[in-house]
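Participant: Mind having a look at this structure? Questions to follow.
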Amino acid sequence: MPQVPKTCPATGQPTPKDYLYTLNGQFVDTTGRTLLLRGVNLSGSTKAPVGQPSHVLDGFWSSAQAGGQRFLGRPFDIDDGSADAHLGRLRGWGFNVLRYPIPWEALEHEGPGRFDYDFMDYTIRVLHKCKEYGFKVYVDPHQDIWSRFSGGSGAPYWTLPACGIDPEAFTATQAAIVHCEYANPSSDTPDPAALPSMIWSTNYSRLASQTLFALFFGGKVYTPKCIIDGMNIQDYLQSHFIKAFGILADRIRDAGGLLDDVVIGWDNMNEPSEGFIGYEDLSVYPTVQGSALKKGTMPTPLQSFTLGMGVAQVLDNYTFGSFGSTRSGSVVVDPKGVRIWADPSTEPDGVHPKWGWQRSSEWTLGTCVWALHGVWDHRSGSLLRPDYFRYNPSPSGATGVPVNFLKDFFLPHLTDYVTRIRTAHPSAIAFVQAPVFAIPPAIPESLLQGRGCHSTHYYDGLTLITCHWNFVNADALGVVRGKYSSPIFAAKFGDRAIRASFQSQLGMLKSDGVQLGVDAPGPRRYPTMIGEIGTPMDMDNKNAYDPKSKGYGDYSAQERALDASLNAADGPNALSYTVWTYCPDNSHMWGDGWNNEDLSLWSEDDAGKCGHYDGAAGSLASARASSASLATLPVPSSPYVSTSPSLTVKSVPLHEVLAFLRDGARAIRAFCRPYPVKVVGTPVDIQFDIRKASLKVKVRVTPADAPQTETEGEGGEGLVKDEDNKHESMLPTEIFIPLVHFASDECVERSVAVRAREERAELDPDAVRSGSRSTDTLPLATSTLLGSGREKIETDGYAMEVRVSEGRVEMDDGEQMLRWFYDVPVGGEKEVSIEVTRVGGAIDWARVTRRAARAGGGGSTRKRGITKWVERLCAGGCLIM
């Protein structure tokens with residue numbers, strides 16, 4: 001690692017001590033240590049306002065047409081104390097970064113240019129709370145399928161009528177599948193609970209999404225007649241989008257203490273879509289774009305044009321199984337004359353009575369914009385220009401050269417967006433996100449200015465769509481990238497082959513990062529962040545949720561699936577990531593509150609009551625304002641990292657911490673995993689065996705990796721000479737060692753007994769308090785040298801064996817952190833390694849729970865006692881460990 005500069009490469013200004021650099025393909029702190037940023041998206045439920053999850057039809061259209069609903073209370077209630085519970089839990093799971101989704105709708109729902117400053121200020125309060133818990137944050141302008149009103153999330157309602165569209169016609173024309181209006185094919189009555197898994201994503205191949213994204217990115221090229229308020233619809237939409245997030249950035253800057261300290265950067269639009277741009281033939285299904293999932297009815301673009309004008313069509317119908325999509329017949333869809341194109345009467349004299357824009361006379365309402373531009377004849381239904389979107393159709397652009405969406409349309413928008421954000425946040429890391437599985441275009445260094453990150457997403461698509469962990473899977477990315485002559489060769493059988501394939505796919509995505517700063521000299525410059533990765537928790541018809549099922553409470557399949565995905569980020573990839581998702585208001589009935597997705601790592605329905613879930617309100621009501629500070633958890637407090645001066649230290653027995661961390665978590669062993677957080681050198685291999693509770697890490701170390709500290713040691717900056725004249729780093733490599741995997745038998749048993757005792761006695765706080773600080777105290781730390789670089793460590797909560805190739809270790813069990821000091825070479829490079837294994841092997845949680853239940857009936861009753869338990873822990877105030 002080269003010497004870390006003392007100034008920001010983008011601004012030339014001195015950097016604060018908590019600053020993060022993007023150097024040599026890594027995140028790097030100001031001491032020169034390599035960082036892995038691992039965390040979660042907070043939160044998936046932010047896609048919709050509080051009280052209006054996607055399945056609720058009541059008020060869905062009327063509130064939007066009146067100016068929309070506010071997003072105050074997202075991602076959680078900042079005033080009822082639950083924020084401490086959620087952030088403490090996330091920190092205790094080992095997470096150090098949050099991806100923070102904010103839909104455009106939350107900022108500008110009231111109308112064009114009317115911004116919700118109260119929501120922006122609420123967001124600032126949440127960011128300050130994140131700061132208290134030591135998180136770094138990057139902002140995600142989130143969208144799916146353009147908008148909530150086209151079956152997804154993101155843009156405000158008014159953007160659809162601005163595009164000449166009547167979204168209330170989407171269901172009749174199948175221009176979009178809207179969750180709250182979804183009905184079984186055999187019934188016309190809405191039944192949102194019946195929405196098939198992931199069918200929402202087929203909206204990417206339906207008329208609404210395809211049209212809206214084509215207008216947003218390519219309106220000036222493909223719809224020159226679409227002029228509103230004197231500008232093309234492309235400029236109109238993009239300018240509003242960029243201005244909304246620019247004003248949010250301004251507001252965060254003006255609040256002080258957040259930029260760089262907490263907010264390190266900004267994603268561009270989440271999962272941007274090409275729309276129709278680049279299609280070779282509008283008469284057939286798309287095969288290249290990210291809209292190729294076939295499930296349910298599947299119109300061709302021409303059929304979608306025709307349906308959008310109210311004319312019946314016969315559509316192919318598909319089912320999706322373990323081996324992909326299969327045509328299962330055909331379905332007649334008849335809109336009965338309903339059109340998605342707004343009636344001219346809605347805008348007297350070309351002016352919208354509610355939103356106020358002036359539409360050009362050339363833009364005739366009531367007619368398909370693609371018919372208006374000569375792509376097809378809506379009277380005869382014939383396709384006139386099947387390759388209209390393959391080339392630039394304007395006379396000046398008619399070169400016969402196919403358009404390149406990423407270079408010609410995506411990059412100019414990205415440039416405008418990053419430029420605006422940087423006026424408020426000059427040192428912002430630009431998290432560059434191309435369409436799903438697309439290789440990003442060459443991003444010039446003049447835009448990135450040393451502050452960039454390749455941001456990409458990865459899901460195990462087969463498991464996501466089938467909601468089942470299968471024996472067979474496929475190299476989906478390899479298929480998209482043309483790796484196989486036939487998709488059949490992409491099939492992978494068995495866990496070992498599937499895990500290897502996932503790791504290979506993430507390695508391919510990591511290598512795409514070379515496109516960033518491609519014109520800059522030197523080696524690969526920017527890191528990669530897997531911005532979304534996760535697995536469904538409602539597998540196998542929600543067996544884990546059903547008290548009558550043998551699988552009740554069993555998340556082993558989810559654990560295998562999620563471990564396979566997150567393992568792919570380990571190995572030689574050593575990637576940063578943010579898991580999708582953590583939803584404070586997740587429920588077994590409606591999942592994450594959006595399109596029946598259920599990927600949240602935590603659910604109150606899997607927890608003891610830490611507040612009462614109000615399903616109608618869609619929020620956590622406060623059990624008590626102190627509800628969380630139990631995990632007062634590992635906010636940094638060691639001499640090696642900074643701490644907030646406003647926080648105090650409070651000691652909580654580790655078995656109680658462990659009980660808190662497991663409570664309500666789903667597949668926790670998969671996502672609460674050990675990893676090197678701060679590394680002297682570069683991690684070259686990370687291997688975690690969940691079945692054996694064993695972690696192996698290899699690090700490459702060079703002379704340039706000597707940490708840069710304020711205090712210079714005897715061996716030079718960041719080094720201390722020992723008696724053998726070696727040069728030990730003054731700062732350690734820090735490795736997160738989760739209690740969930742490495743707790744001692746005694747700590748594990750007592751964590752389960754905590755619940756058993758509380759459930760039996762309804763938790764008399766005074767009775768519990770009298771014993772909790774004496775008989776419940778575990779032994780002090782002991783360390784036994786075993787020879788050959790092996791050491792057995794027994795602390796208040798841990799029992800593990802550590803083997804190092806060289807150096808020494810220290811265990812800070814309060815922070816669940818192992819610190820490893822070793823020599824930095826004076827010349828050349830070397831590889832050092834460490835292995836951490838739990839004494840006695842992996843924890844058998846099922847056995848421990850059964851034993852506790854036999855001992856006193858605990859561990860089986862849910863939703864009792866936790867409220868009083870956290871009240872006891874927070875008696876006298878909420879403090880930080």
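Naming scheme: A, B, ... for chains in displayed order of the structure tokens; residues 1 onward per chain; ligands 1 onward as shown.
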So that I can see what lies close to range 214-221 of chain A, please list as a list in words the residues with an atom at most 9 Å from it, counting only C-alpha atoms and leaving out residues fewer than 4 positions away in the same chain.

Facilitator: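 What passes the distance filter is Cys163, Ser209, Gln210, Lys225, Cys226, Asn232, Ile233, Gln234, Asp235, Tyr236, Leu237, Gln238, Ser273, Glu274, Gly275, Phe276, Ile277, Asn392, Pro393, Ser394, Gly397, Phe405, Asp408, Phe409, Phe410 and His413 of chain A.
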
Participant: So that I can see what lies close to range 114-125 of chain A, please list as a PyMOL selection string the residues with an atom at most 8 Å from it, counting only C-alpha atoms and leaving out residues fewer than 4 positions away in the same chain.

Facilitator: chain A and resi 70-73+78+106-110+129+244+248+251-252+255

Participant: Assign secondary structure with DSSP using the backbone only, and return the residues of range 277-395 of chain A in strand (DSSP E) as a list in words.

Facilitator: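 Put together, the selection reads Gly296, Thr297, Met298, Gln313, Val314, Leu315, Asp316, Asn317, Tyr318, Thr319, Phe320, Gly321, Gly324, Ser325, Thr326, Arg327, Ser328, Gly329, Ser330, Val331, Val332, Val333, Trp376, Asp377, Ser382 and Leu383 of chain A.
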
Participant: Okay, now the selection with N, CA and C atoms, as a PDB file, in the first residue's frame?

Facilitator:
```
ATOM      1  N   GLY A 296     -45.078 -15.588 -15.416  1.00  0.00           N
ATOM      2  CA  GLY A 296     -46.397 -15.029 -15.661  1.00  0.00           C
ATOM      3  C   GLY A 296     -46.552 -14.622 -17.112  1.00  0.00           C
ATOM      4  N   THR A 297     -47.444 -13.693 -17.384  1.00  0.00           N
ATOM      5  CA  THR A 297     -47.653 -13.233 -18.760  1.00  0.00           C
ATOM      6  C   THR A 297     -46.472 -12.394 -19.220  1.00  0.00           C
ATOM      7  N   MET A 298     -46.100 -12.550 -20.488  1.00  0.00           N
ATOM      8  CA  MET A 298     -44.912 -11.875 -21.008  1.00  0.00           C
ATOM      9  C   MET A 298     -45.218 -11.250 -22.362  1.00  0.00           C
ATOM     10  N   GLN A 313     -54.767  -8.611 -26.360  1.00  0.00           N
ATOM     11  CA  GLN A 313     -53.657  -9.377 -26.922  1.00  0.00           C
ATOM     12  C   GLN A 313     -53.617 -10.766 -26.300  1.00  0.00           C
ATOM     13  N   VAL A 314     -53.090 -11.721 -27.050  1.00  0.00           N
ATOM     14  CA  VAL A 314     -52.847 -13.066 -26.533  1.00  0.00           C
ATOM     15  C   VAL A 314     -51.373 -13.148 -26.153  1.00  0.00           C
ATOM     16  N   LEU A 315     -51.101 -13.353 -24.867  1.00  0.00           N
ATOM     17  CA  LEU A 315     -49.735 -13.328 -24.361  1.00  0.00           C
ATOM     18  C   LEU A 315     -49.271 -14.721 -23.967  1.00  0.00           C
ATOM     19  N   ASP A 316     -48.003 -14.987 -24.196  1.00  0.00           N
ATOM     20  CA  ASP A 316     -47.400 -16.208 -23.670  1.00  0.00           C
ATOM     21  C   ASP A 316     -47.365 -16.137 -22.149  1.00  0.00           C
ATOM     22  N   ASN A 317     -47.537 -17.285 -21.519  1.00  0.00           N
ATOM     23  CA  ASN A 317     -47.491 -17.364 -20.054  1.00  0.00           C
ATOM     24  C   ASN A 317     -46.386 -18.324 -19.641  1.00  0.00           C
ATOM     25  N   TYR A 318     -45.650 -17.958 -18.583  1.00  0.00           N
ATOM     26  CA  TYR A 318     -44.497 -18.746 -18.170  1.00  0.00           C
ATOM     27  C   TYR A 318     -44.581 -19.092 -16.684  1.00  0.00           C
ATOM     28  N   THR A 319     -44.038 -20.263 -16.351  1.00  0.00           N
ATOM     29  CA  THR A 319     -43.807 -20.638 -14.962  1.00  0.00           C
ATOM     30  C   THR A 319     -42.297 -20.719 -14.750  1.00  0.00           C
ATOM     31  N   PHE A 320     -41.884 -20.617 -13.493  1.00  0.00           N
ATOM     32  CA  PHE A 320     -40.457 -20.634 -13.191  1.00  0.00           C
ATOM     33  C   PHE A 320     -40.185 -21.718 -12.145  1.00  0.00           C
ATOM     34  N   GLY A 321     -39.261 -22.607 -12.469  1.00  0.00           N
ATOM     35  CA  GLY A 321     -38.884 -23.687 -11.558  1.00  0.00           C
ATOM     36  C   GLY A 321     -37.394 -23.777 -11.375  1.00  0.00           C
ATOM     37  N   GLY A 324     -35.355 -22.983 -14.438  1.00  0.00           N
ATOM     38  CA  GLY A 324     -35.636 -21.754 -15.156  1.00  0.00           C
ATOM     39  C   GLY A 324     -37.076 -21.656 -15.634  1.00  0.00           C
ATOM     40  N   SER A 325     -37.273 -20.813 -16.649  1.00  0.00           N
ATOM     41  CA  SER A 325     -38.622 -20.508 -17.141  1.00  0.00           C
ATOM     42  C   SER A 325     -39.092 -21.533 -18.162  1.00  0.00           C
ATOM     43  N   THR A 326     -40.386 -21.848 -18.104  1.00  0.00           N
ATOM     44  CA  THR A 326     -41.006 -22.766 -19.052  1.00  0.00           C
ATOM     45  C   THR A 326     -42.340 -22.183 -19.506  1.00  0.00           C
ATOM     46  N   ARG A 327     -42.539 -22.148 -20.830  1.00  0.00           N
ATOM     47  CA  ARG A 327     -43.813 -21.669 -21.341  1.00  0.00           C
ATOM     48  C   ARG A 327     -44.907 -22.649 -20.963  1.00  0.00           C
ATOM     49  N   SER A 328     -45.979 -22.119 -20.367  1.00  0.00           N
ATOM     50  CA  SER A 328     -47.052 -22.986 -19.884  1.00  0.00           C
ATOM     51  C   SER A 328     -48.369 -22.759 -20.600  1.00  0.00           C
ATOM     52  N   GLY A 329     -48.341 -22.023 -21.718  1.00  0.00           N
ATOM     53  CA  GLY A 329     -49.565 -21.767 -22.456  1.00  0.00           C
ATOM     54  C   GLY A 329     -49.703 -20.296 -22.780  1.00  0.00           C
ATOM     55  N   SER A 330     -50.919 -19.874 -23.041  1.00  0.00           N
ATOM     56  CA  SER A 330     -51.162 -18.484 -23.403  1.00  0.00           C
ATOM     57  C   SER A 330     -52.364 -17.957 -22.643  1.00  0.00           C
ATOM     58  N   VAL A 331     -52.428 -16.622 -22.537  1.00  0.00           N
ATOM     59  CA  VAL A 331     -53.481 -15.949 -21.780  1.00  0.00           C
ATOM     60  C   VAL A 331     -53.964 -14.755 -22.600  1.00  0.00           C
ATOM     61  N   VAL A 332     -55.271 -14.569 -22.663  1.00  0.00           N
ATOM     62  CA  VAL A 332     -55.840 -13.390 -23.311  1.00  0.00           C
ATOM     63  C   VAL A 332     -55.936 -12.271 -22.280  1.00  0.00           C
ATOM     64  N   VAL A 333     -55.340 -11.129 -22.603  1.00  0.00           N
ATOM     65  CA  VAL A 333     -55.434  -9.953 -21.750  1.00  0.00           C
ATOM     66  C   VAL A 333     -56.214  -8.888 -22.507  1.00  0.00           C
ATOM     67  N   TRP A 376     -44.538   2.778 -34.339  1.00  0.00           N
ATOM     68  CA  TRP A 376     -45.586   1.840 -34.750  1.00  0.00           C
ATOM     69  C   TRP A 376     -46.844   2.630 -35.102  1.00  0.00           C
ATOM     70  N   ASP A 377     -47.773   1.955 -35.778  1.00  0.00           N
ATOM     71  CA  ASP A 377     -49.040   2.569 -36.171  1.00  0.00           C
ATOM     72  C   ASP A 377     -50.120   2.020 -35.236  1.00  0.00           C
ATOM     73  N   SER A 382     -49.434  -2.207 -36.603  1.00  0.00           N
ATOM     74  CA  SER A 382     -48.208  -2.688 -37.251  1.00  0.00           C
ATOM     75  C   SER A 382     -46.974  -1.974 -36.719  1.00  0.00           C
ATOM     76  N   LEU A 383     -45.879  -2.701 -36.677  1.00  0.00           N
ATOM     77  CA  LEU A 383     -44.597  -2.167 -36.223  1.00  0.00           C
ATOM     78  C   LEU A 383     -43.874  -1.560 -37.417  1.00  0.00           C
TER      79      LEU A 383
END
```

Participant: If you measure from CA of Thr364 in chain A to CA of Asp144 in chain A, what distance in Å do you get, rounded to one decimal?

Facilitator: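 About the pair CA of Thr364 in chain A and CA of Asp144 in chain A: they are 28.1 Å apart.
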
Participant: Please indicate the distance in Å from CA of Gly553 in chain A to CA of Gly664 in chain A, rounded to one decimal place.

Facilitator: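 The value is 10.5 Å.
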
Participant: Against range 804-812 of chain A, which residues of range 662-713 of chain A fall within 10 Å? For each one I want the closest pair of atoms and the distance in Å (one decimal), counting only C-alpha atoms, rows by chain and increasing residue number, as a Markdown table.

Facilitator:
```
| residue | atom | partner | partner_atom | distance |
| --- | --- | --- | --- | --- |
| A:Lys696 | CA | A:Val804 | CA | 9.7 |
| A:Val697 | CA | A:Val804 | CA | 9.7 |
| A:Lys698 | CA | A:Ser805 | CA | 9.6 |
```

Participant: Go ahead and dump the residues you just picked, C-alpha atoms, as a tab-separated table (two decimals), in the first residue's frame.

Facilitator:
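That gives us part.tsv:
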```
chain	number	residue	atom	x	y	z
A	696	LYS	CA	-8.36	-18.49	8.35
A	697	VAL	CA	-6.93	-15.21	7.06
A	698	LYS	CA	-3.85	-14.58	4.95
```

Participant: Provide the CA of Trp266 in chain A to CA of Tyr675 in chain A distance in Å, to one decimal place.

Facilitator: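 CA of Trp266 in chain A sits 24.8 Å away from CA of Tyr675 in chain A.
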
Participant: Residues within 6 Å of range 681-683 of chain A, please, as a list in words. Count only C-alpha atoms; anything in the same chain fewer than 3 positions from it doesn't count.

Facilitator: Lys698, Val699, Arg700, Val701 and Asp705 of chain A

Participant: Kindly indicate which residue among A:Phe437, A:Phe95, A:Phe305, A:Trp820 lies nearest to Tyr459 in chain A, using only C-alpha atoms for the distances.

Facilitator: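 Using only C-alpha atoms, Tyr459 in chain A sits closest to A:Phe437.
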
Participant: Point out the residue among A:Lys542, A:His142, A:Arg148, A:Arg385 with the least atom-to-atom distance to Gln433 in chain A, counting only C-alpha atoms.

Facilitator: A:His142

Participant: Residues of range 285-344 of chain A within 6 Å of range 170-187 of chain A: nearest atom pair and distance (Å, one decimal) for each, counting only C-alpha atoms, sorted by chain and number, as JSON lines?

Facilitator:
```
{"residue": "A:Leu307", "atom": "CA", "partner": "A:Thr173", "partner_atom": "CA", "distance": 5.3}
{"residue": "A:Gly308", "atom": "CA", "partner": "A:Thr173", "partner_atom": "CA", "distance": 5.6}
{"residue": "A:Pro335", "atom": "CA", "partner": "A:Ala172", "partner_atom": "CA", "distance": 5.0}
```

Participant: Write out as a VMD selection string the residues lying within 8 Å of Ala520 in chain A, counting only C-alpha atoms and excluding same-chain residues fewer than 3 positions away.

Facilitator: chain A and resid 444 to 445 517

Participant: Write a file of the just-selected residues containing all heavy atoms, as a JSON list (two decimals), in the first residue's frame.

Facilitator:
```json
[["chain", "number", "residue", "atom", "x", "y", "z"],
["A", 444, "PRO", "N", -14.01, 8.31, -16.48],
["A", 444, "PRO", "CA", -12.76, 9.09, -16.51],
["A", 444, "PRO", "C", -12.32, 9.52, -15.12],
["A", 444, "PRO", "O", -13.13, 9.82, -14.25],
["A", 444, "PRO", "CB", -13.12, 10.29, -17.38],
["A", 444, "PRO", "CG", -14.60, 10.42, -17.26],
["A", 444, "PRO", "CD", -15.12, 9.03, -17.11],
["A", 445, "GLU", "N", -11.03, 9.56, -14.93],
["A", 445, "GLU", "CA", -10.47, 10.00, -13.66],
["A", 445, "GLU", "C", -10.82, 11.46, -13.37],
["A", 445, "GLU", "O", -10.93, 11.86, -12.20],
["A", 445, "GLU", "CB", -8.95, 9.80, -13.66],
["A", 445, "GLU", "CG", -8.25, 10.16, -12.37],
["A", 445, "GLU", "CD", -8.75, 9.35, -11.17],
["A", 445, "GLU", "OE1", -9.31, 8.25, -11.38],
["A", 445, "GLU", "OE2", -8.58, 9.83, -10.03],
["A", 517, "GLY", "N", -11.76, 5.06, -13.42],
["A", 517, "GLY", "CA", -10.45, 5.71, -13.52],
["A", 517, "GLY", "C", -9.55, 5.02, -14.51],
["A", 517, "GLY", "O", -8.34, 4.94, -14.32]]
```

Participant: Taking the DSSP assignment computed from this structure's backbone, write out as a PyMOL selection string all residues of range 283-386 of chain A that belong to helix (DSSP H, G or I).

Facilitator: chain A and resi 301-308+344-346+348-350+369-372

Participant: Could you check the closest approach to Ala670 in chain A for each of A:Pro703, A:Gly534, A:Pro53, A:Pro732 and tell me which residue wins, using only C-alpha atoms?

Facilitator: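 Between A:Pro703, A:Gly534, A:Pro53, A:Pro732, the residue approaching Ala670 in chain A most closely is A:Gly534.
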
Participant: Taking into account only C-alpha atoms, which residue in the set A:Ile228, A:Ala438, A:Ile247, A:Ala474 is nearest to Trp357 in chain A?

Facilitator: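 For Trp357 in chain A, the nearest of the candidates is A:Ile228.
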